[in-house]
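What's in protein-v9.cif: mmCIF, C-alpha atoms
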data_model
loop_
_atom_site.group_PDB
_atom_site.id
_atom_site.type_symbol
_atom_site.label_atom_id
_atom_site.label_comp_id
_atom_site.auth_asym_id
_atom_site.auth_seq_id
_atom_site.Cartn_x
_atom_site.Cartn_y
_atom_site.Cartn_z
ATOM 1 C CA MET A 608 0.000 0.000 0.000
ATOM 2 C CA ILE A 609 1.194 3.508 -0.904
ATOM 3 C CA CYS A 610 -0.608 6.665 0.179
ATOM 4 C CA GLY A 611 0.124 10.373 0.094
ATOM 5 C CA ASP A 612 -0.174 13.691 -1.732
ATOM 6 C CA ILE A 613 1.189 12.862 -5.199
ATOM 7 C CA ASN A 614 0.342 16.237 -6.829
ATOM 8 C CA ILE A 615 -1.328 14.497 -9.787
ATOM 9 C CA ASN A 616 -5.013 15.246 -10.223
ATOM 10 C CA TYR A 617 -6.827 11.925 -10.674
ATOM 11 C CA LEU A 618 -9.968 13.734 -11.852
ATOM 12 C CA GLU A 619 -8.141 14.527 -15.115
ATOM 13 C CA ASN A 620 -6.826 12.045 -17.639
ATOM 14 C CA CYS A 621 -3.521 13.854 -18.079
ATOM 15 C CA LYS A 622 -0.158 12.546 -19.311
ATOM 16 C CA LYS A 623 1.382 12.491 -15.826
ATOM 17 C CA ARG A 624 -1.458 10.300 -14.577
ATOM 18 C CA GLN A 625 -0.973 7.885 -17.466
ATOM 19 C CA GLN A 626 2.768 7.661 -16.740
ATOM 20 C CA LEU A 627 2.137 7.050 -13.040
ATOM 21 C CA GLU A 628 -0.466 4.348 -13.712
ATOM 22 C CA ALA A 629 1.916 2.597 -16.100
ATOM 23 C CA LEU A 630 4.580 2.569 -13.388
ATOM 24 C CA LEU A 631 2.137 1.332 -10.729
ATOM 25 C CA GLN A 632 0.929 -1.496 -12.971
ATOM 26 C CA THR A 633 4.420 -3.001 -12.888
ATOM 27 C CA CYS A 634 3.862 -3.475 -9.120
ATOM 28 C CA ASN A 635 0.208 -4.546 -9.550
ATOM 29 C CA LEU A 636 -1.014 -1.368 -7.796
ATOM 30 C CA ILE A 637 -4.131 0.670 -8.556
ATOM 31 C CA GLY A 638 -5.430 4.051 -7.411
ATOM 32 C CA THR A 639 -8.590 4.069 -5.299
ATOM 33 C CA ILE A 640 -9.560 7.774 -5.299
ATOM 34 C CA SER A 641 -12.054 8.874 -7.957
ATOM 35 C CA PHE A 642 -13.733 11.780 -6.135
ATOM 36 C CA PRO A 643 -12.623 15.309 -5.077
ATOM 37 C CA THR A 644 -10.408 15.444 -1.988
ATOM 38 C CA CYS A 645 -9.805 19.204 -1.883
ATOM 39 C CA LYS A 646 -12.820 21.510 -2.172
ATOM 40 C CA SER A 647 -11.313 24.813 -1.107
ATOM 41 C CA LYS A 648 -9.938 25.547 -4.550
ATOM 42 C CA ALA A 649 -11.678 25.964 -7.882
ATOM 43 C CA PRO A 650 -11.797 23.602 -9.677
ATOM 44 C CA THR A 651 -11.858 20.724 -7.193
ATOM 45 C CA THR A 652 -8.944 18.278 -7.280
ATOM 46 C CA ALA A 653 -8.008 14.776 -6.195
ATOM 47 C CA ILE A 654 -4.239 14.931 -5.664
ATOM 48 C CA GLY A 655 -4.226 12.742 -2.547
ATOM 49 C CA ASN A 656 -4.536 9.035 -3.296
ATOM 50 C CA ILE A 657 -4.224 5.553 -1.838
ATOM 51 C CA PHE A 658 -2.682 2.846 -4.014
ATOM 52 C CA ILE A 659 -3.284 -0.795 -3.130
ATOM 53 C CA THR A 660 -2.763 -4.208 -4.678
ATOM 54 C CA ARG A 661 -5.293 -4.799 -7.428
ATOM 55 C CA THR A 662 -8.495 -5.976 -5.722
ATOM 56 C CA LYS A 663 -12.223 -5.260 -5.619
ATOM 57 C CA ASN A 664 -12.698 -5.998 -1.915
ATOM 58 C CA TYR A 665 -12.353 -2.490 -0.542
ATOM 59 C CA ILE A 666 -14.533 0.460 0.457
ATOM 60 C CA ILE A 667 -13.231 4.037 0.518
ATOM 61 C CA ASN A 668 -14.900 7.149 1.905
ATOM 62 C CA SER A 669 -13.992 10.802 2.371
ATOM 63 C CA GLN A 670 -14.286 12.646 5.679
ATOM 64 C CA ILE A 671 -13.528 16.186 6.878
ATOM 65 C CA ASN A 672 -10.775 16.068 9.513
ATOM 66 C CA GLY A 673 -10.986 19.698 10.688
ATOM 67 C CA LEU A 674 -7.231 20.243 10.367
ATOM 68 C CA SER A 675 -6.651 20.871 6.668
ATOM 69 C CA ASP A 676 -8.396 21.875 3.457
ATOM 70 C CA HIS A 677 -7.721 18.337 2.207
ATOM 71 C CA GLU A 678 -10.315 15.792 3.245
ATOM 72 C CA VAL A 679 -9.295 12.505 4.833
ATOM 73 C CA GLN A 680 -9.680 9.263 2.899
ATOM 74 C CA ILE A 681 -10.601 6.196 4.917
ATOM 75 C CA ILE A 682 -10.171 2.830 3.198
ATOM 76 C CA MET A 683 -11.435 -0.528 4.480
ATOM 77 C CA ILE A 684 -9.917 -3.654 2.940
ATOM 78 C CA GLU A 685 -11.039 -7.192 3.633
ATOM 79 C CA HIS A 686 -8.708 -9.943 4.849
ATOM 80 C CA ILE A 687 -6.109 -7.633 6.398
ATOM 81 C CA VAL A 688 -4.107 -9.009 9.325
ATOM 82 C CA LEU A 689 -3.196 -6.223 11.742
ATOM 83 C CA THR A 690 0.069 -6.476 13.618
ATOM 84 C CA LYS A 691 0.107 -5.906 17.349
ATOM 85 C CA GLN A 692 1.455 -2.534 18.431
ATOM 86 C CA ILE A 693 4.827 -2.957 20.118
ATOM 87 C CA ASN A 694 5.752 -0.583 22.913
ATOM 88 C CA ASN A 695 9.091 1.153 22.746
ATOM 89 C CA ILE A 696 11.787 -0.353 24.943
ATOM 90 C CA THR A 697 14.255 1.786 26.837
ATOM 91 C CA THR A 698 16.772 1.235 29.619
ATOM 92 C CA LYS A 699 16.999 3.065 32.916
ATOM 93 C CA ARG A 700 19.091 2.749 36.033
ATOM 94 C CA ASP A 701 17.550 1.550 39.261
ATOM 95 C CA ILE A 702 18.182 4.566 41.502
ATOM 96 C CA ASN A 703 16.603 4.379 44.944
ATOM 97 C CA ASP A 704 17.475 5.157 48.554
ATOM 98 C CA GLN A 705 19.179 1.802 49.107
ATOM 99 C CA SER A 706 21.338 1.979 45.959
ATOM 100 C CA ILE A 707 22.372 5.560 46.811
ATOM 101 C CA LEU A 708 23.474 4.517 50.317
ATOM 102 C CA GLU A 709 25.441 1.617 48.862
ATOM 103 C CA PHE A 710 27.098 3.940 46.355
ATOM 104 C CA GLN A 711 28.115 6.388 49.093
ATOM 105 C CA LEU A 712 29.418 3.565 51.290
ATOM 106 C CA LEU A 713 31.620 2.078 48.564
ATOM 107 C CA LEU A 714 33.032 5.506 47.728
ATOM 108 C CA SER A 715 33.904 6.123 51.380
ATOM 109 C CA HIS A 716 35.729 2.748 51.591
ATOM 110 C CA GLU A 717 37.708 3.301 48.413
ATOM 111 C CA ASN A 718 41.471 3.895 48.683
ATOM 112 C CA TRP A 719 42.355 7.042 46.683
ATOM 113 C CA LYS A 720 46.058 6.945 47.540
ATOM 114 C CA GLU A 721 47.278 6.059 44.050
ATOM 115 C CA ILE A 722 45.341 9.005 42.605
ATOM 116 C CA PHE A 723 46.900 11.592 44.946
ATOM 117 C CA MET A 724 50.375 10.142 44.400
ATOM 118 C CA GLU A 725 50.103 10.496 40.622
ATOM 119 C CA ASP A 726 51.997 13.512 39.216
ATOM 120 C CA ASP A 727 50.306 13.680 35.822
ATOM 121 C CA ALA A 728 46.873 15.345 36.043
ATOM 122 C CA ASN A 729 45.368 13.457 33.089
ATOM 123 C CA THR A 730 46.469 10.064 34.403
ATOM 124 C CA SER A 731 45.194 10.935 37.877
ATOM 125 C CA PHE A 732 41.794 11.959 36.495
ATOM 126 C CA ASN A 733 41.486 8.807 34.353
ATOM 127 C CA LYS A 734 42.190 6.597 37.365
ATOM 128 C CA PHE A 735 39.632 8.478 39.441
ATOM 129 C CA LEU A 736 37.034 8.216 36.651
ATOM 130 C CA ASN A 737 37.596 4.467 36.247
ATOM 131 C CA ILE A 738 37.069 3.841 39.957
ATOM 132 C CA TYR A 739 34.035 6.121 40.105
ATOM 133 C CA LEU A 740 32.349 4.536 37.070
ATOM 134 C CA ARG A 741 33.072 1.009 38.284
ATOM 135 C CA ILE A 742 31.253 1.714 41.554
ATOM 136 C CA PHE A 743 28.494 3.676 39.799
ATOM 137 C CA HIS A 744 27.670 0.875 37.356
ATOM 138 C CA SER A 745 27.752 -1.765 40.082
ATOM 139 C CA CYS A 746 25.314 0.160 42.311
ATOM 140 C CA PHE A 747 22.938 1.582 39.703
ATOM 141 C CA ILE A 748 22.165 -1.341 37.421
ATOM 142 C CA LYS A 749 20.409 -0.790 34.101
ATOM 143 C CA LYS A 750 16.963 -2.302 33.625
ATOM 144 C CA CYS A 751 14.827 -2.557 30.479
ATOM 145 C CA THR A 752 11.425 -0.867 30.605
ATOM 146 C CA THR A 753 8.653 -0.254 28.083
ATOM 147 C CA PHE A 754 6.643 2.910 27.554
ATOM 148 C CA ASN A 755 3.734 3.938 25.370
ATOM 149 C CA THR A 756 4.639 6.595 22.800
ATOM 150 C CA ILE A 757 1.172 8.150 22.849
ATOM 151 C CA SER A 758 1.169 8.768 26.591
ATOM 152 C CA LYS A 759 0.663 12.462 27.393
ATOM 153 C CA PRO A 760 -0.199 12.624 31.086
ATOM 154 C CA TRP A 761 -0.755 16.407 31.122
ATOM 155 C CA ILE A 762 -3.803 16.107 28.845
ATOM 156 C CA THR A 763 -6.813 16.507 31.132
ATOM 157 C CA LYS A 764 -10.495 15.949 30.406
ATOM 158 C CA GLY A 765 -10.908 19.711 30.069
ATOM 159 C CA ILE A 766 -8.169 19.900 27.422
ATOM 160 C CA LYS A 767 -9.751 17.021 25.499
ATOM 161 C CA THR A 768 -13.099 18.822 25.589
ATOM 162 C CA SER A 769 -11.456 22.041 24.381
ATOM 163 C CA CYS A 770 -9.744 20.182 21.523
ATOM 164 C CA ASN A 771 -13.092 18.766 20.423
ATOM 165 C CA ARG A 772 -14.567 22.272 20.629
ATOM 166 C CA LYS A 773 -11.682 23.554 18.488
ATOM 167 C CA ARG A 774 -12.494 20.972 15.830
ATOM 168 C CA ASP A 775 -16.170 21.981 15.843
ATOM 169 C CA LEU A 776 -15.196 25.619 15.362
ATOM 170 C CA TYR A 777 -12.966 24.683 12.456
ATOM 171 C CA LEU A 778 -15.851 22.864 10.773
ATOM 172 C CA LYS A 779 -18.009 25.993 11.123
ATOM 173 C CA VAL A 780 -15.280 28.073 9.497
ATOM 174 C CA TRP A 781 -15.057 25.452 6.751
ATOM 175 C CA ASP A 782 -18.806 25.634 6.088
ATOM 176 C CA ASN A 783 -19.496 29.392 6.050
ATOM 177 C CA ASN A 784 -16.008 30.968 5.707
ATOM 178 C CA GLU A 785 -17.080 34.131 7.575
ATOM 179 C CA MET A 786 -14.416 36.490 8.917
ATOM 180 C CA GLU A 787 -16.055 36.703 12.366
ATOM 181 C CA HIS A 788 -15.827 32.937 12.813
ATOM 182 C CA LYS A 789 -12.217 32.906 11.582
ATOM 183 C CA LEU A 790 -11.164 35.525 14.131
ATOM 184 C CA TYR A 791 -12.945 33.718 16.952
ATOM 185 C CA TYR A 792 -11.336 30.414 15.895
ATOM 186 C CA LYS A 793 -7.827 31.936 15.885
ATOM 187 C CA HIS A 794 -8.418 33.503 19.317
ATOM 188 C CA TYR A 795 -9.670 30.169 20.684
ATOM 189 C CA CYS A 796 -6.588 28.375 19.308
ATOM 190 C CA LYS A 797 -4.245 30.846 21.051
ATOM 191 C CA ILE A 798 -5.986 30.366 24.394
ATOM 192 C CA LEU A 799 -5.929 26.568 24.019
ATOM 193 C CA SER A 800 -2.206 26.608 23.210
ATOM 194 C CA LYS A 801 -1.510 28.612 26.378
ATOM 195 C CA VAL A 802 -3.613 26.198 28.467
ATOM 196 C CA ILE A 803 -1.736 23.166 27.104
ATOM 197 C CA LYS A 804 1.632 24.847 27.709
ATOM 198 C CA GLU A 805 0.668 25.681 31.295
ATOM 199 C CA ALA A 806 -0.598 22.125 31.869
ATOM 200 C CA LYS A 807 2.804 20.748 30.808
ATOM 201 C CA LYS A 808 4.600 23.110 33.208
ATOM 202 C CA LEU A 809 2.374 22.123 36.124
ATOM 203 C CA TYR A 810 2.827 18.416 35.391
ATOM 204 C CA TYR A 811 6.641 18.571 35.282
ATOM 205 C CA LYS A 812 6.672 20.770 38.381
ATOM 206 C CA GLU A 813 4.650 18.142 40.235
ATOM 207 C CA VAL A 814 7.031 15.410 39.054
ATOM 208 C CA THR A 815 10.085 17.275 40.338
ATOM 209 C CA THR A 816 8.386 18.078 43.659
ATOM 210 C CA LYS A 817 7.477 14.455 44.380
ATOM 211 C CA SER A 818 10.897 13.058 43.433
ATOM 212 C CA LYS A 819 13.280 12.499 46.351
ATOM 213 C CA ASN A 820 16.620 12.789 44.572
ATOM 214 C CA GLU A 821 17.978 14.954 41.788
ATOM 215 C CA MET A 822 19.292 12.111 39.600
ATOM 216 C CA LYS A 823 15.869 10.498 39.495
ATOM 217 C CA ILE A 824 14.266 13.838 38.574
ATOM 218 C CA HIS A 825 16.518 14.271 35.544
ATOM 219 C CA GLY A 826 15.854 10.694 34.478
ATOM 220 C CA ILE A 827 12.070 11.121 34.632
ATOM 221 C CA LEU A 828 12.098 14.423 32.762
ATOM 222 C CA TYR A 829 14.406 13.055 30.066
ATOM 223 C CA ARG A 830 12.225 9.997 29.459
ATOM 224 C CA LYS A 831 9.038 12.092 29.334
ATOM 225 C CA LYS A 832 10.572 14.444 26.745
ATOM 226 C CA GLN A 833 11.757 11.483 24.668
ATOM 227 C CA VAL A 834 8.256 9.986 24.693
ATOM 228 C CA ASN A 835 6.356 13.200 23.850
#
Please express the file's structure as C-alpha coordinates.
Amino acid sequence: MICGDININYLENCKKRQQLEALLQTCNLIGTISFPTCKSKAPTTAIGNIFITRTKNYIINSQINGLSDHEVQIIMIEHIVLTKQINNITTKRDINDQSILEFQLLLSHENWKEIFMEDDANTSFNKFLNIYLRIFHSCFIKKCTTFNTISKPWITKGIKTSCNRKRDLYLKVWDNNEMEHKLYYKHYCKILSKVIKEAKKLYYKEVTTKSKNEMKIHGILYRKKQVN
(Lines of atoms letter the chains of each structure in order from A and count residues from 1; the text may use other names and numbers.)
(Lines give C-alpha, C1' and ligand atoms only; values in the text may rest on other atoms or scores of the structure.)
Protein backbone atom coordinates (compact mmCIF):
# COMPACT_ATOMS: atom_id res chain seq x y z
CA MET A 1 0.00 0.00 0.00
CA ILE A 2 1.19 3.51 -0.90
CA CYS A 3 -0.61 6.67 0.18
CA GLY A 4 0.12 10.37 0.09
CA ASP A 5 -0.17 13.69 -1.73
CA ILE A 6 1.19 12.86 -5.20
CA ASN A 7 0.34 16.24 -6.83
CA ILE A 8 -1.33 14.50 -9.79
CA ASN A 9 -5.01 15.25 -10.22
CA TYR A 10 -6.83 11.92 -10.67
CA LEU A 11 -9.97 13.73 -11.85
CA GLU A 12 -8.14 14.53 -15.11
CA ASN A 13 -6.83 12.05 -17.64
CA CYS A 14 -3.52 13.85 -18.08
CA LYS A 15 -0.16 12.55 -19.31
CA LYS A 16 1.38 12.49 -15.83
CA ARG A 17 -1.46 10.30 -14.58
CA GLN A 18 -0.97 7.89 -17.47
CA GLN A 19 2.77 7.66 -16.74
CA LEU A 20 2.14 7.05 -13.04
CA GLU A 21 -0.47 4.35 -13.71
CA ALA A 22 1.92 2.60 -16.10
CA LEU A 23 4.58 2.57 -13.39
CA LEU A 24 2.14 1.33 -10.73
CA GLN A 25 0.93 -1.50 -12.97
CA THR A 26 4.42 -3.00 -12.89
CA CYS A 27 3.86 -3.48 -9.12
CA ASN A 28 0.21 -4.55 -9.55
CA LEU A 29 -1.01 -1.37 -7.80
CA ILE A 30 -4.13 0.67 -8.56
CA GLY A 31 -5.43 4.05 -7.41
CA THR A 32 -8.59 4.07 -5.30
CA ILE A 33 -9.56 7.77 -5.30
CA SER A 34 -12.05 8.87 -7.96
CA PHE A 35 -13.73 11.78 -6.13
CA PRO A 36 -12.62 15.31 -5.08
CA THR A 37 -10.41 15.44 -1.99
CA CYS A 38 -9.81 19.20 -1.88
CA LYS A 39 -12.82 21.51 -2.17
CA SER A 40 -11.31 24.81 -1.11
CA LYS A 41 -9.94 25.55 -4.55
CA ALA A 42 -11.68 25.96 -7.88
CA PRO A 43 -11.80 23.60 -9.68
CA THR A 44 -11.86 20.72 -7.19
CA THR A 45 -8.94 18.28 -7.28
CA ALA A 46 -8.01 14.78 -6.20
CA ILE A 47 -4.24 14.93 -5.66
CA GLY A 48 -4.23 12.74 -2.55
CA ASN A 49 -4.54 9.03 -3.30
CA ILE A 50 -4.22 5.55 -1.84
CA PHE A 51 -2.68 2.85 -4.01
CA ILE A 52 -3.28 -0.79 -3.13
CA THR A 53 -2.76 -4.21 -4.68
CA ARG A 54 -5.29 -4.80 -7.43
CA THR A 55 -8.50 -5.98 -5.72
CA LYS A 56 -12.22 -5.26 -5.62
CA ASN A 57 -12.70 -6.00 -1.91
CA TYR A 58 -12.35 -2.49 -0.54
CA ILE A 59 -14.53 0.46 0.46
CA ILE A 60 -13.23 4.04 0.52
CA ASN A 61 -14.90 7.15 1.91
CA SER A 62 -13.99 10.80 2.37
CA GLN A 63 -14.29 12.65 5.68
CA ILE A 64 -13.53 16.19 6.88
CA ASN A 65 -10.78 16.07 9.51
CA GLY A 66 -10.99 19.70 10.69
CA LEU A 67 -7.23 20.24 10.37
CA SER A 68 -6.65 20.87 6.67
CA ASP A 69 -8.40 21.88 3.46
CA HIS A 70 -7.72 18.34 2.21
CA GLU A 71 -10.31 15.79 3.25
CA VAL A 72 -9.30 12.50 4.83
CA GLN A 73 -9.68 9.26 2.90
CA ILE A 74 -10.60 6.20 4.92
CA ILE A 75 -10.17 2.83 3.20
CA MET A 76 -11.43 -0.53 4.48
CA ILE A 77 -9.92 -3.65 2.94
CA GLU A 78 -11.04 -7.19 3.63
CA HIS A 79 -8.71 -9.94 4.85
CA ILE A 80 -6.11 -7.63 6.40
CA VAL A 81 -4.11 -9.01 9.32
CA LEU A 82 -3.20 -6.22 11.74
CA THR A 83 0.07 -6.48 13.62
CA LYS A 84 0.11 -5.91 17.35
CA GLN A 85 1.45 -2.53 18.43
CA ILE A 86 4.83 -2.96 20.12
CA ASN A 87 5.75 -0.58 22.91
CA ASN A 88 9.09 1.15 22.75
CA ILE A 89 11.79 -0.35 24.94
CA THR A 90 14.26 1.79 26.84
CA THR A 91 16.77 1.24 29.62
CA LYS A 92 17.00 3.06 32.92
CA ARG A 93 19.09 2.75 36.03
CA ASP A 94 17.55 1.55 39.26
CA ILE A 95 18.18 4.57 41.50
CA ASN A 96 16.60 4.38 44.94
CA ASP A 97 17.47 5.16 48.55
CA GLN A 98 19.18 1.80 49.11
CA SER A 99 21.34 1.98 45.96
CA ILE A 100 22.37 5.56 46.81
CA LEU A 101 23.47 4.52 50.32
CA GLU A 102 25.44 1.62 48.86
CA PHE A 103 27.10 3.94 46.36
CA GLN A 104 28.12 6.39 49.09
CA LEU A 105 29.42 3.57 51.29
CA LEU A 106 31.62 2.08 48.56
CA LEU A 107 33.03 5.51 47.73
CA SER A 108 33.90 6.12 51.38
CA HIS A 109 35.73 2.75 51.59
CA GLU A 110 37.71 3.30 48.41
CA ASN A 111 41.47 3.90 48.68
CA TRP A 112 42.36 7.04 46.68
CA LYS A 113 46.06 6.95 47.54
CA GLU A 114 47.28 6.06 44.05
CA ILE A 115 45.34 9.00 42.61
CA PHE A 116 46.90 11.59 44.95
CA MET A 117 50.37 10.14 44.40
CA GLU A 118 50.10 10.50 40.62
CA ASP A 119 52.00 13.51 39.22
CA ASP A 120 50.31 13.68 35.82
CA ALA A 121 46.87 15.35 36.04
CA ASN A 122 45.37 13.46 33.09
CA THR A 123 46.47 10.06 34.40
CA SER A 124 45.19 10.93 37.88
CA PHE A 125 41.79 11.96 36.49
CA ASN A 126 41.49 8.81 34.35
CA LYS A 127 42.19 6.60 37.36
CA PHE A 128 39.63 8.48 39.44
CA LEU A 129 37.03 8.22 36.65
CA ASN A 130 37.60 4.47 36.25
CA ILE A 131 37.07 3.84 39.96
CA TYR A 132 34.03 6.12 40.10
CA LEU A 133 32.35 4.54 37.07
CA ARG A 134 33.07 1.01 38.28
CA ILE A 135 31.25 1.71 41.55
CA PHE A 136 28.49 3.68 39.80
CA HIS A 137 27.67 0.87 37.36
CA SER A 138 27.75 -1.76 40.08
CA CYS A 139 25.31 0.16 42.31
CA PHE A 140 22.94 1.58 39.70
CA ILE A 141 22.17 -1.34 37.42
CA LYS A 142 20.41 -0.79 34.10
CA LYS A 143 16.96 -2.30 33.62
CA CYS A 144 14.83 -2.56 30.48
CA THR A 145 11.42 -0.87 30.60
CA THR A 146 8.65 -0.25 28.08
CA PHE A 147 6.64 2.91 27.55
CA ASN A 148 3.73 3.94 25.37
CA THR A 149 4.64 6.60 22.80
CA ILE A 150 1.17 8.15 22.85
CA SER A 151 1.17 8.77 26.59
CA LYS A 152 0.66 12.46 27.39
CA PRO A 153 -0.20 12.62 31.09
CA TRP A 154 -0.75 16.41 31.12
CA ILE A 155 -3.80 16.11 28.84
CA THR A 156 -6.81 16.51 31.13
CA LYS A 157 -10.50 15.95 30.41
CA GLY A 158 -10.91 19.71 30.07
CA ILE A 159 -8.17 19.90 27.42
CA LYS A 160 -9.75 17.02 25.50
CA THR A 161 -13.10 18.82 25.59
CA SER A 162 -11.46 22.04 24.38
CA CYS A 163 -9.74 20.18 21.52
CA ASN A 164 -13.09 18.77 20.42
CA ARG A 165 -14.57 22.27 20.63
CA LYS A 166 -11.68 23.55 18.49
CA ARG A 167 -12.49 20.97 15.83
CA ASP A 168 -16.17 21.98 15.84
CA LEU A 169 -15.20 25.62 15.36
CA TYR A 170 -12.97 24.68 12.46
CA LEU A 171 -15.85 22.86 10.77
CA LYS A 172 -18.01 25.99 11.12
CA VAL A 173 -15.28 28.07 9.50
CA TRP A 174 -15.06 25.45 6.75
CA ASP A 175 -18.81 25.63 6.09
CA ASN A 176 -19.50 29.39 6.05
CA ASN A 177 -16.01 30.97 5.71
CA GLU A 178 -17.08 34.13 7.58
CA MET A 179 -14.42 36.49 8.92
CA GLU A 180 -16.05 36.70 12.37
CA HIS A 181 -15.83 32.94 12.81
CA LYS A 182 -12.22 32.91 11.58
CA LEU A 183 -11.16 35.53 14.13
CA TYR A 184 -12.94 33.72 16.95
CA TYR A 185 -11.34 30.41 15.89
CA LYS A 186 -7.83 31.94 15.89
CA HIS A 187 -8.42 33.50 19.32
CA TYR A 188 -9.67 30.17 20.68
CA CYS A 189 -6.59 28.37 19.31
CA LYS A 190 -4.25 30.85 21.05
CA ILE A 191 -5.99 30.37 24.39
CA LEU A 192 -5.93 26.57 24.02
CA SER A 193 -2.21 26.61 23.21
CA LYS A 194 -1.51 28.61 26.38
CA VAL A 195 -3.61 26.20 28.47
CA ILE A 196 -1.74 23.17 27.10
CA LYS A 197 1.63 24.85 27.71
CA GLU A 198 0.67 25.68 31.30
CA ALA A 199 -0.60 22.12 31.87
CA LYS A 200 2.80 20.75 30.81
CA LYS A 201 4.60 23.11 33.21
CA LEU A 202 2.37 22.12 36.12
CA TYR A 203 2.83 18.42 35.39
CA TYR A 204 6.64 18.57 35.28
CA LYS A 205 6.67 20.77 38.38
CA GLU A 206 4.65 18.14 40.24
CA VAL A 207 7.03 15.41 39.05
CA THR A 208 10.08 17.27 40.34
CA THR A 209 8.39 18.08 43.66
CA LYS A 210 7.48 14.46 44.38
CA SER A 211 10.90 13.06 43.43
CA LYS A 212 13.28 12.50 46.35
CA ASN A 213 16.62 12.79 44.57
CA GLU A 214 17.98 14.95 41.79
CA MET A 215 19.29 12.11 39.60
CA LYS A 216 15.87 10.50 39.50
CA ILE A 217 14.27 13.84 38.57
CA HIS A 218 16.52 14.27 35.54
CA GLY A 219 15.85 10.69 34.48
CA ILE A 220 12.07 11.12 34.63
CA LEU A 221 12.10 14.42 32.76
CA TYR A 222 14.41 13.06 30.07
CA ARG A 223 12.22 10.00 29.46
CA LYS A 224 9.04 12.09 29.33
CA LYS A 225 10.57 14.44 26.74
CA GLN A 226 11.76 11.48 24.67
CA VAL A 227 8.26 9.99 24.69
CA ASN A 228 6.36 13.20 23.85
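Residues matched by the PyMOL selection byres ((chain A and resi 797-805) around 9) in this file: Trp761, Ile762, Ile766, Ser769, Cys770, Lys773, Tyr792, Lys793, His794, Tyr795, Cys796, Ala806, Lys807, Lys808, Leu809 and Tyr810 of chain A.
Shortest atom-to-atom contact with Asp704 (chain A) among A:Asn771, A:Lys779, A:Cys751, A:Cys746: A:Cys746, counting all atoms listed in the file.
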Q.
Given the point (3.2, 9.2, -10.8) in the file's coordinates, find the residues that have an atom at most 12 Å from it, counting only C-alpha atoms, and give them as a VMD selection string.
A. chain A and resid 609 to 617 621 to 632 636 to 638 654 to 656 658
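In this structure, CA of His744 (chain A) sits 24.1 Å away from CA of Ala728 (chain A).
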Q. Between CA of Asp782 (chain A) and CA of Lys767 (chain A), what is the spacing in Å?
A.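 CA of Lys767 (chain A) sits 23.1 Å away from CA of Asp782 (chain A).
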Q. So what do you get for CA of Asn620 (chain A) versus CA of Ile640 (chain A), distance-wise?
A. 13.3 Å
**Q.** Output of the PyMOL selection byres ((chain A and resi 706-723) around 8), listed as JSON, numbers by chain
**A.** {"A": [701, 702, 703, 704, 705, 724, 725, 726, 731, 732, 734, 735, 739, 742, 743, 746, 747]}
